[in-house]
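Note sheet for the following structure.
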Amino acid sequence: MAKIRKDEKREMPALSTSSLPDIIFMLLFFFMAVTTLKEVTFKVKISPPQATELQKIENKSLVRYVYIGKPTKEFARVYGTESRIQLSDAFADIKDLEEYVVDERSAMKEGDQGLLTISIKADKDTHMGIITDIKQALRRAYALKISYAAVKRTSY
Amino acid sequence: MGKSKRKIKEINSSSMADISFLLLIFFLVTTSMNVSTGLSRRLPPPLPPNVKPQDQDIKKRNIFVVKVNMMNQLMVQGQEMSVRQLKDKAKEFIQNEANDPNLPEKTTVNIDLLGNVEITKDHVISLQNDVDTQYQAYIEVQNELISAYNELRNEFAMQKFGKKYDELPEREQMAIQQVYPQKISEAEPKNYGGIKNGKN
């Protein structure tokens with residue numbers, strides 16, 4: 001028969017926290033995996049234009065970026081305040097773009113070469129002249145898939 | 001000396017959590033979870049060298065001209081307009097529901113899955129901008145035009161398949177793409193060729 005123990009002192013056992021590190025590590029690994037370190041250091045200032053019909057760029061390894069904007073303060077003295085192009089980590093000219101695209105494409109896997117997407121990240125105050133030049137250069141380099149980087153518009 | 005059983009004390013691991021918290025917070029702060037988004041477009045292939053761009057013969061009723069000037073003002077089919085009106089105007093043009101003789105011609109095309117459909121096959125939206133047009137204005141115009149197409153596709157998908165365009169299987173999406181093909185053409189810049197036939 002079951003004994004009814006009344007006299008025994010009941011104490012709350014200490015809560016085991018030994019699994020806490022494991023949980024935190026799990027979170028840690030999650031964030032480590034999803035973290036993408038900054039692509040480049042920006043030398044131009046970009047505040048992207050706003051739009052509503054946005055599409056996500058799925059495969060980042062197939063994307064190369066072209067940045068267009070006014071040079072940041074520390075470069076303004078050397079490069080002026082007009083809109084400039086930045087390719088990977090350096091300022092570039094329109095005529096470098098074609099070469100850059102061709103180089104980047106040949107560095108990719110052969111099967112992926114046709115899928116190369118150029119994302120044009122331009123400041124919203126850029127004049128269209130420079131964008132048109134870039135589009136022409138991209139056409140000559142046969143990089144026809146492009147994406148105009150933009151952010152979601154929150155209000156009209 | 002006798003055998004003294006030395007018990008190793010358990011290592012206190014309570015600080016482990018703190019250490020990993022520290023790391024966690026570091027990664028939380030440095031993480032930029034930004035997904036790149038943008039308006040996807042396709043550029044027309046380059047013109048072969050030494051070939052002058054040809055003036056394509058497009059009937060006037062089939063062409064929808066959108067011009068953006070250096071002051072970011074819009075001229076649509078010869079009349080001034082604000083960006084917000086552009087979408088409806090474009091939809092009206094692309095669809096040509098009432099078979100208006102001033103809007104693009106309709107041709108009957110046999111499409112897989114859908115059978116015979118009357119579509120405005122030859123319509124072209126021509127987008128022209130000035131060198132000094134602001135990028136934001138250009139993107140807004142592109143955005144409105146794309147959204148006109150997306151809305152038309154969605155409406156059609158709803159009507160035919162009862163689902164949104166994005167939720168349809170690929171084959172049905174292809175069929176709808178044939179009904180409303182995106183035909184946004186951008187002018188060849190003046191200093192390169194002169195005549196506008198660059199399809200996008």
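By order of appearance in the structure tokens: chains A, B, ..., then residues from 1 within every chain, and ligands from 1 in the order shown.
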*Residues at most 7 Å from Thr52 in chain A, counting only C-alpha atoms, excluding those fewer than 4 positions away in the same chain, as number ranges by chain?*
A: 152-153; B: 143
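Within range 66-186 of chain B, DSSP applied to the backbone places the following residues in strand (DSSP E or B): Val66, Lys67, Val68, Leu74, Met75, Val76, Gln79, Glu80, Met81, Thr107, Thr108, Val109, Asn110, Ile111, Gly115, Asn116, Val117, Glu118, Ile119, Val124, Ile125, Ser126, Leu127, Gln128, Asn129, Gln134, Ile184, Ser185 and Glu186 of chain B.
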Residues of the last selection are to be written out with N, CA and C atoms, as a tab-separated table (two decimals), in the first residue's frame.
chain	number	residue	atom	x	y	z
B	66	VAL	N	5.55	56.97	-73.10
B	66	VAL	CA	5.71	57.61	-71.80
B	66	VAL	C	7.02	58.37	-71.83
B	67	LYS	N	6.93	59.66	-71.63
B	67	LYS	CA	8.16	60.46	-71.61
B	67	LYS	C	8.32	61.09	-70.24
B	68	VAL	N	9.54	61.06	-69.76
B	68	VAL	CA	9.85	61.73	-68.49
B	68	VAL	C	10.88	62.80	-68.79
B	74	LEU	N	5.72	63.93	-66.33
B	74	LEU	CA	5.35	62.82	-67.19
B	74	LEU	C	4.50	63.28	-68.36
B	75	MET	N	4.79	62.75	-69.50
B	75	MET	CA	3.96	63.00	-70.67
B	75	MET	C	3.55	61.63	-71.19
B	76	VAL	N	2.26	61.34	-71.10
B	76	VAL	CA	1.78	60.03	-71.52
B	76	VAL	C	0.84	60.21	-72.70
B	79	GLN	N	-0.30	63.71	-73.32
B	79	GLN	CA	-0.88	64.56	-72.29
B	79	GLN	C	-0.13	64.41	-70.97
B	80	GLU	N	-0.10	65.52	-70.26
B	80	GLU	CA	0.60	65.53	-68.99
B	80	GLU	C	-0.16	64.68	-67.98
B	81	MET	N	0.56	64.08	-67.09
B	81	MET	CA	-0.09	63.15	-66.19
B	81	MET	C	0.76	63.00	-64.94
B	107	THR	N	-5.54	40.47	-81.46
B	107	THR	CA	-5.45	39.33	-82.34
B	107	THR	C	-5.81	38.09	-81.53
B	108	THR	N	-6.40	37.15	-82.23
B	108	THR	CA	-6.76	35.91	-81.54
B	108	THR	C	-5.59	34.96	-81.64
B	109	VAL	N	-5.16	34.49	-80.50
B	109	VAL	CA	-4.01	33.59	-80.46
B	109	VAL	C	-4.40	32.34	-79.69
B	110	ASN	N	-3.91	31.24	-80.18
B	110	ASN	CA	-4.19	29.98	-79.49
B	110	ASN	C	-3.09	29.71	-78.47
B	111	ILE	N	-3.47	29.73	-77.23
B	111	ILE	CA	-2.49	29.51	-76.16
B	111	ILE	C	-2.83	28.21	-75.45
B	115	GLY	N	-6.68	27.99	-74.71
B	115	GLY	CA	-7.42	28.00	-75.95
B	115	GLY	C	-7.26	29.32	-76.67
B	116	ASN	N	-8.28	29.70	-77.42
B	116	ASN	CA	-8.18	30.95	-78.17
B	116	ASN	C	-8.45	32.15	-77.27
B	117	VAL	N	-7.48	33.05	-77.28
B	117	VAL	CA	-7.63	34.24	-76.46
B	117	VAL	C	-7.35	35.45	-77.34
B	118	GLU	N	-8.13	36.48	-77.12
B	118	GLU	CA	-7.88	37.72	-77.84
B	118	GLU	C	-6.90	38.55	-77.05
B	119	ILE	N	-5.75	38.81	-77.64
B	119	ILE	CA	-4.78	39.60	-76.90
B	119	ILE	C	-4.24	40.74	-77.75
B	124	VAL	N	3.24	48.00	-77.60
B	124	VAL	CA	4.57	48.32	-77.07
B	124	VAL	C	4.43	49.54	-76.17
B	125	ILE	N	5.07	49.47	-75.03
B	125	ILE	CA	5.13	50.66	-74.19
B	125	ILE	C	6.52	51.24	-74.36
B	126	SER	N	6.55	52.45	-74.83
B	126	SER	CA	7.85	53.05	-75.09
B	126	SER	C	8.16	54.06	-74.00
B	127	LEU	N	9.26	53.84	-73.35
B	127	LEU	CA	9.64	54.70	-72.23
B	127	LEU	C	10.85	55.52	-72.63
B	128	GLN	N	10.69	56.83	-72.56
B	128	GLN	CA	11.80	57.71	-72.93
B	128	GLN	C	12.10	58.63	-71.77
B	129	ASN	N	13.37	58.76	-71.50
B	129	ASN	CA	13.72	59.67	-70.41
B	129	ASN	C	14.83	60.61	-70.83
B	134	GLN	N	15.57	62.31	-62.82
B	134	GLN	CA	16.03	61.73	-61.56
B	134	GLN	C	15.76	60.24	-61.56
B	184	ILE	N	8.01	46.49	-72.43
B	184	ILE	CA	8.42	47.85	-72.13
B	184	ILE	C	9.70	48.10	-72.90
B	185	SER	N	9.61	49.03	-73.80
B	185	SER	CA	10.75	49.29	-74.65
B	185	SER	C	11.35	50.62	-74.28
B	186	GLU	N	12.66	50.65	-74.23
B	186	GLU	CA	13.29	51.91	-73.87
B	186	GLU	C	14.03	52.46	-75.06
Find the residues of chain B in contact range of chain A, meaning any atom within 8 Å when counting only C-alpha atoms, and list them as a PDB file with N, CA, C and O atoms, in the first residue's frame.
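Written out: iface-v9.pdb:
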ATOM      1  N   SER B  13      30.191  25.437 -14.995  1.00  0.00           N
ATOM      2  CA  SER B  13      29.951  25.853 -16.383  1.00  0.00           C
ATOM      3  C   SER B  13      28.881  26.934 -16.472  1.00  0.00           C
ATOM      4  O   SER B  13      28.314  27.176 -17.519  1.00  0.00           O
ATOM      5  N   SER B  14      28.628  27.550 -15.374  1.00  0.00           N
ATOM      6  CA  SER B  14      27.551  28.539 -15.426  1.00  0.00           C
ATOM      7  C   SER B  14      27.943  29.768 -16.240  1.00  0.00           C
ATOM      8  O   SER B  14      27.092  30.476 -16.757  1.00  0.00           O
ATOM      9  N   MET B  16      29.537  29.633 -18.968  1.00  0.00           N
ATOM     10  CA  MET B  16      29.456  29.252 -20.386  1.00  0.00           C
ATOM     11  C   MET B  16      28.311  29.983 -21.071  1.00  0.00           C
ATOM     12  O   MET B  16      28.444  30.500 -22.176  1.00  0.00           O
ATOM     13  N   ALA B  17      27.201  30.017 -20.374  1.00  0.00           N
ATOM     14  CA  ALA B  17      26.039  30.684 -20.940  1.00  0.00           C
ATOM     15  C   ALA B  17      26.334  32.146 -21.213  1.00  0.00           C
ATOM     16  O   ALA B  17      25.964  32.680 -22.263  1.00  0.00           O
ATOM     17  N   SER B  20      28.549  32.492 -24.264  1.00  0.00           N
ATOM     18  CA  SER B  20      27.846  32.314 -25.539  1.00  0.00           C
ATOM     19  C   SER B  20      26.823  33.422 -25.776  1.00  0.00           C
ATOM     20  O   SER B  20      26.561  33.782 -26.917  1.00  0.00           O
ATOM     21  N   PHE B  21      26.275  33.957 -24.703  1.00  0.00           N
ATOM     22  CA  PHE B  21      25.392  35.108 -24.872  1.00  0.00           C
ATOM     23  C   PHE B  21      26.135  36.268 -25.519  1.00  0.00           C
ATOM     24  O   PHE B  21      25.626  36.951 -26.409  1.00  0.00           O
ATOM     25  N   LEU B  23      28.731  36.164 -27.458  1.00  0.00           N
ATOM     26  CA  LEU B  23      28.925  35.875 -28.882  1.00  0.00           C
ATOM     27  C   LEU B  23      27.632  36.087 -29.655  1.00  0.00           C
ATOM     28  O   LEU B  23      27.615  36.674 -30.731  1.00  0.00           O
ATOM     29  N   LEU B  24      26.559  35.598 -29.074  1.00  0.00           N
ATOM     30  CA  LEU B  24      25.258  35.710 -29.721  1.00  0.00           C
ATOM     31  C   LEU B  24      24.923  37.167 -29.986  1.00  0.00           C
ATOM     32  O   LEU B  24      24.522  37.540 -31.085  1.00  0.00           O
ATOM     33  N   PHE B  27      26.893  38.640 -32.839  1.00  0.00           N
ATOM     34  CA  PHE B  27      26.406  38.291 -34.175  1.00  0.00           C
ATOM     35  C   PHE B  27      25.060  38.924 -34.481  1.00  0.00           C
ATOM     36  O   PHE B  27      24.781  39.280 -35.622  1.00  0.00           O
ATOM     37  N   LEU B  28      24.248  39.062 -33.434  1.00  0.00           N
ATOM     38  CA  LEU B  28      22.967  39.732 -33.638  1.00  0.00           C
ATOM     39  C   LEU B  28      23.165  41.144 -34.143  1.00  0.00           C
ATOM     40  O   LEU B  28      22.477  41.616 -35.026  1.00  0.00           O
ATOM     41  N   THR B  30      25.902  42.431 -35.616  1.00  0.00           N
ATOM     42  CA  THR B  30      26.559  42.570 -36.919  1.00  0.00           C
ATOM     43  C   THR B  30      25.728  42.011 -38.068  1.00  0.00           C
ATOM     44  O   THR B  30      26.005  42.309 -39.218  1.00  0.00           O
ATOM     45  N   THR B  31      24.747  41.204 -37.751  1.00  0.00           N
ATOM     46  CA  THR B  31      23.948  40.626 -38.824  1.00  0.00           C
ATOM     47  C   THR B  31      23.187  41.706 -39.563  1.00  0.00           C
ATOM     48  O   THR B  31      22.516  42.520 -38.947  1.00  0.00           O
ATOM     49  N   SER B  32      23.317  41.690 -40.839  1.00  0.00           N
ATOM     50  CA  SER B  32      22.408  42.508 -41.632  1.00  0.00           C
ATOM     51  C   SER B  32      21.561  41.525 -42.412  1.00  0.00           C
ATOM     52  O   SER B  32      22.031  40.885 -43.331  1.00  0.00           O
ATOM     53  N   MET B  33      20.349  41.407 -41.991  1.00  0.00           N
ATOM     54  CA  MET B  33      19.487  40.405 -42.618  1.00  0.00           C
ATOM     55  C   MET B  33      18.855  40.951 -43.889  1.00  0.00           C
ATOM     56  O   MET B  33      17.782  40.532 -44.266  1.00  0.00           O
ATOM     57  N   VAL B  35      17.652  41.380 -47.324  1.00  0.00           N
ATOM     58  CA  VAL B  35      17.567  40.648 -48.569  1.00  0.00           C
ATOM     59  C   VAL B  35      17.548  41.697 -49.666  1.00  0.00           C
ATOM     60  O   VAL B  35      16.841  42.682 -49.550  1.00  0.00           O
ATOM     61  N   SER B  36      18.342  41.473 -50.680  1.00  0.00           N
ATOM     62  CA  SER B  36      18.330  42.457 -51.751  1.00  0.00           C
ATOM     63  C   SER B  36      17.038  42.317 -52.526  1.00  0.00           C
ATOM     64  O   SER B  36      16.662  41.221 -52.930  1.00  0.00           O
ATOM     65  N   THR B  37      16.401  43.427 -52.708  1.00  0.00           N
ATOM     66  CA  THR B  37      15.203  43.428 -53.533  1.00  0.00           C
ATOM     67  C   THR B  37      15.389  44.448 -54.639  1.00  0.00           C
ATOM     68  O   THR B  37      16.200  45.355 -54.521  1.00  0.00           O
ATOM     69  N   GLY B  38      14.654  44.260 -55.669  1.00  0.00           N
ATOM     70  CA  GLY B  38      14.769  45.208 -56.771  1.00  0.00           C
ATOM     71  C   GLY B  38      13.771  44.912 -57.865  1.00  0.00           C
ATOM     72  O   GLY B  38      13.016  43.946 -57.792  1.00  0.00           O
ATOM     73  N   LEU B  39      13.764  45.771 -58.846  1.00  0.00           N
ATOM     74  CA  LEU B  39      12.904  45.566 -59.999  1.00  0.00           C
ATOM     75  C   LEU B  39      13.722  44.823 -61.041  1.00  0.00           C
ATOM     76  O   LEU B  39      14.715  45.348 -61.531  1.00  0.00           O
ATOM     77  N   SER B  40      13.317  43.618 -61.350  1.00  0.00           N
ATOM     78  CA  SER B  40      14.076  42.851 -62.334  1.00  0.00           C
ATOM     79  C   SER B  40      13.654  43.253 -63.741  1.00  0.00           C
ATOM     80  O   SER B  40      12.474  43.339 -64.029  1.00  0.00           O
ATOM     81  N   ARG B  41      14.639  43.493 -64.563  1.00  0.00           N
ATOM     82  CA  ARG B  41      14.348  43.825 -65.947  1.00  0.00           C
ATOM     83  C   ARG B  41      15.308  43.037 -66.825  1.00  0.00           C
ATOM     84  O   ARG B  41      16.301  42.491 -66.362  1.00  0.00           O
ATOM     85  N   ARG B  42      14.984  43.017 -68.095  1.00  0.00           N
ATOM     86  CA  ARG B  42      15.868  42.393 -69.050  1.00  0.00           C
ATOM     87  C   ARG B  42      16.242  43.409 -70.103  1.00  0.00           C
ATOM     88  O   ARG B  42      15.372  44.050 -70.678  1.00  0.00           O
ATOM     89  N   LEU B  43      17.518  43.556 -70.345  1.00  0.00           N
ATOM     90  CA  LEU B  43      17.953  44.515 -71.354  1.00  0.00           C
ATOM     91  C   LEU B  43      17.885  43.869 -72.732  1.00  0.00           C
ATOM     92  O   LEU B  43      18.014  42.654 -72.853  1.00  0.00           O
ATOM     93  N   PRO B  44      17.694  44.683 -73.749  1.00  0.00           N
ATOM     94  CA  PRO B  44      17.728  44.123 -75.103  1.00  0.00           C
ATOM     95  C   PRO B  44      19.164  43.797 -75.481  1.00  0.00           C
ATOM     96  O   PRO B  44      20.081  44.449 -74.994  1.00  0.00           O
ATOM     97  N   PRO B  45      19.372  42.785 -76.300  1.00  0.00           N
ATOM     98  CA  PRO B  45      20.736  42.481 -76.724  1.00  0.00           C
ATOM     99  C   PRO B  45      21.335  43.656 -77.495  1.00  0.00           C
ATOM    100  O   PRO B  45      20.597  44.448 -78.070  1.00  0.00           O
ATOM    101  N   PRO B  46      22.649  43.772 -77.465  1.00  0.00           N
ATOM    102  CA  PRO B  46      23.257  44.925 -78.129  1.00  0.00           C
ATOM    103  C   PRO B  46      23.069  44.879 -79.634  1.00  0.00           C
ATOM    104  O   PRO B  46      22.923  43.810 -80.223  1.00  0.00           O
ATOM    105  N   ASN B 129      13.375  58.765 -71.500  1.00  0.00           N
ATOM    106  CA  ASN B 129      13.725  59.668 -70.413  1.00  0.00           C
ATOM    107  C   ASN B 129      14.833  60.612 -70.826  1.00  0.00           C
ATOM    108  O   ASN B 129      15.562  60.362 -71.786  1.00  0.00           O
ATOM    109  N   ASP B 130      14.927  61.691 -70.084  1.00  0.00           N
ATOM    110  CA  ASP B 130      15.936  62.689 -70.356  1.00  0.00           C
ATOM    111  C   ASP B 130      17.217  62.327 -69.595  1.00  0.00           C
ATOM    112  O   ASP B 130      17.185  61.541 -68.652  1.00  0.00           O
ATOM    113  N   VAL B 131      18.318  62.919 -70.024  1.00  0.00           N
ATOM    114  CA  VAL B 131      19.585  62.661 -69.330  1.00  0.00           C
ATOM    115  C   VAL B 131      19.501  63.121 -67.876  1.00  0.00           C
ATOM    116  O   VAL B 131      20.099  62.543 -66.985  1.00  0.00           O
ATOM    117  N   ASP B 132      18.747  64.177 -67.647  1.00  0.00           N
ATOM    118  CA  ASP B 132      18.707  64.743 -66.301  1.00  0.00           C
ATOM    119  C   ASP B 132      17.541  64.255 -65.465  1.00  0.00           C
ATOM    120  O   ASP B 132      17.315  64.740 -64.368  1.00  0.00           O
ATOM    121  N   THR B 133      16.804  63.287 -65.975  1.00  0.00           N
ATOM    122  CA  THR B 133      15.721  62.726 -65.172  1.00  0.00           C
ATOM    123  C   THR B 133      16.293  62.118 -63.904  1.00  0.00           C
ATOM    124  O   THR B 133      17.347  61.501 -63.917  1.00  0.00           O
ATOM    125  N   GLN B 134      15.568  62.308 -62.823  1.00  0.00           N
ATOM    126  CA  GLN B 134      16.028  61.734 -61.555  1.00  0.00           C
ATOM    127  C   GLN B 134      15.758  60.237 -61.559  1.00  0.00           C
ATOM    128  O   GLN B 134      14.744  59.779 -62.075  1.00  0.00           O
ATOM    129  N   TYR B 135      16.671  59.506 -60.957  1.00  0.00           N
ATOM    130  CA  TYR B 135      16.549  58.040 -60.930  1.00  0.00           C
ATOM    131  C   TYR B 135      15.263  57.594 -60.238  1.00  0.00           C
ATOM    132  O   TYR B 135      14.588  56.681 -60.681  1.00  0.00           O
ATOM    133  N   GLN B 136      14.937  58.265 -59.148  1.00  0.00           N
ATOM    134  CA  GLN B 136      13.719  57.913 -58.417  1.00  0.00           C
ATOM    135  C   GLN B 136      12.482  58.015 -59.317  1.00  0.00           C
ATOM    136  O   GLN B 136      11.610  57.142 -59.302  1.00  0.00           O
ATOM    137  N   TYR B 138      12.376  57.779 -62.548  1.00  0.00           N
ATOM    138  CA  TYR B 138      12.449  56.695 -63.533  1.00  0.00           C
ATOM    139  C   TYR B 138      11.976  55.381 -62.924  1.00  0.00           C
ATOM    140  O   TYR B 138      11.195  54.642 -63.510  1.00  0.00           O
ATOM    141  N   ILE B 139      12.443  55.102 -61.713  1.00  0.00           N
ATOM    142  CA  ILE B 139      12.047  53.868 -61.038  1.00  0.00           C
ATOM    143  C   ILE B 139      10.542  53.865 -60.766  1.00  0.00           C
ATOM    144  O   ILE B 139       9.880  52.847 -60.930  1.00  0.00           O
ATOM    145  N   GLU B 140      10.008  55.031 -60.403  1.00  0.00           N
ATOM    146  CA  GLU B 140       8.566  55.098 -60.159  1.00  0.00           C
ATOM    147  C   GLU B 140       7.778  54.752 -61.412  1.00  0.00           C
ATOM    148  O   GLU B 140       6.796  54.023 -61.344  1.00  0.00           O
ATOM    149  N   ASN B 143       8.084  51.145 -62.093  1.00  0.00           N
ATOM    150  CA  ASN B 143       7.306  50.452 -61.083  1.00  0.00           C
ATOM    151  C   ASN B 143       5.827  50.439 -61.440  1.00  0.00           C
ATOM    152  O   ASN B 143       5.163  49.403 -61.361  1.00  0.00           O
ATOM    153  N   ILE B 146       5.256  48.086 -64.400  1.00  0.00           N
ATOM    154  CA  ILE B 146       5.325  46.680 -64.004  1.00  0.00           C
ATOM    155  C   ILE B 146       4.092  46.321 -63.189  1.00  0.00           C
ATOM    156  O   ILE B 146       3.512  45.242 -63.353  1.00  0.00           O
ATOM    157  N   SER B 147       3.680  47.249 -62.340  1.00  0.00           N
ATOM    158  CA  SER B 147       2.525  46.935 -61.516  1.00  0.00           C
ATOM    159  C   SER B 147       1.257  46.837 -62.358  1.00  0.00           C
ATOM    160  O   SER B 147       0.347  46.070 -62.041  1.00  0.00           O
ATOM    161  N   PRO B 189      19.509  55.532 -76.444  1.00  0.00           N
ATOM    162  CA  PRO B 189      19.923  56.898 -76.135  1.00  0.00           C
ATOM    163  C   PRO B 189      20.364  57.623 -77.392  1.00  0.00           C
ATOM    164  O   PRO B 189      20.956  57.030 -78.294  1.00  0.00           O
TER     165      PRO B 189
END
_Need the shell around Arg84 in chain A: protein/DNA/RNA residues with any atom at most 6 Å away, counting only C-alpha atoms. Skip same-chain ones fewer than 3 positions apart. Format as a ChimeraX atom specification?_
/A:68-70
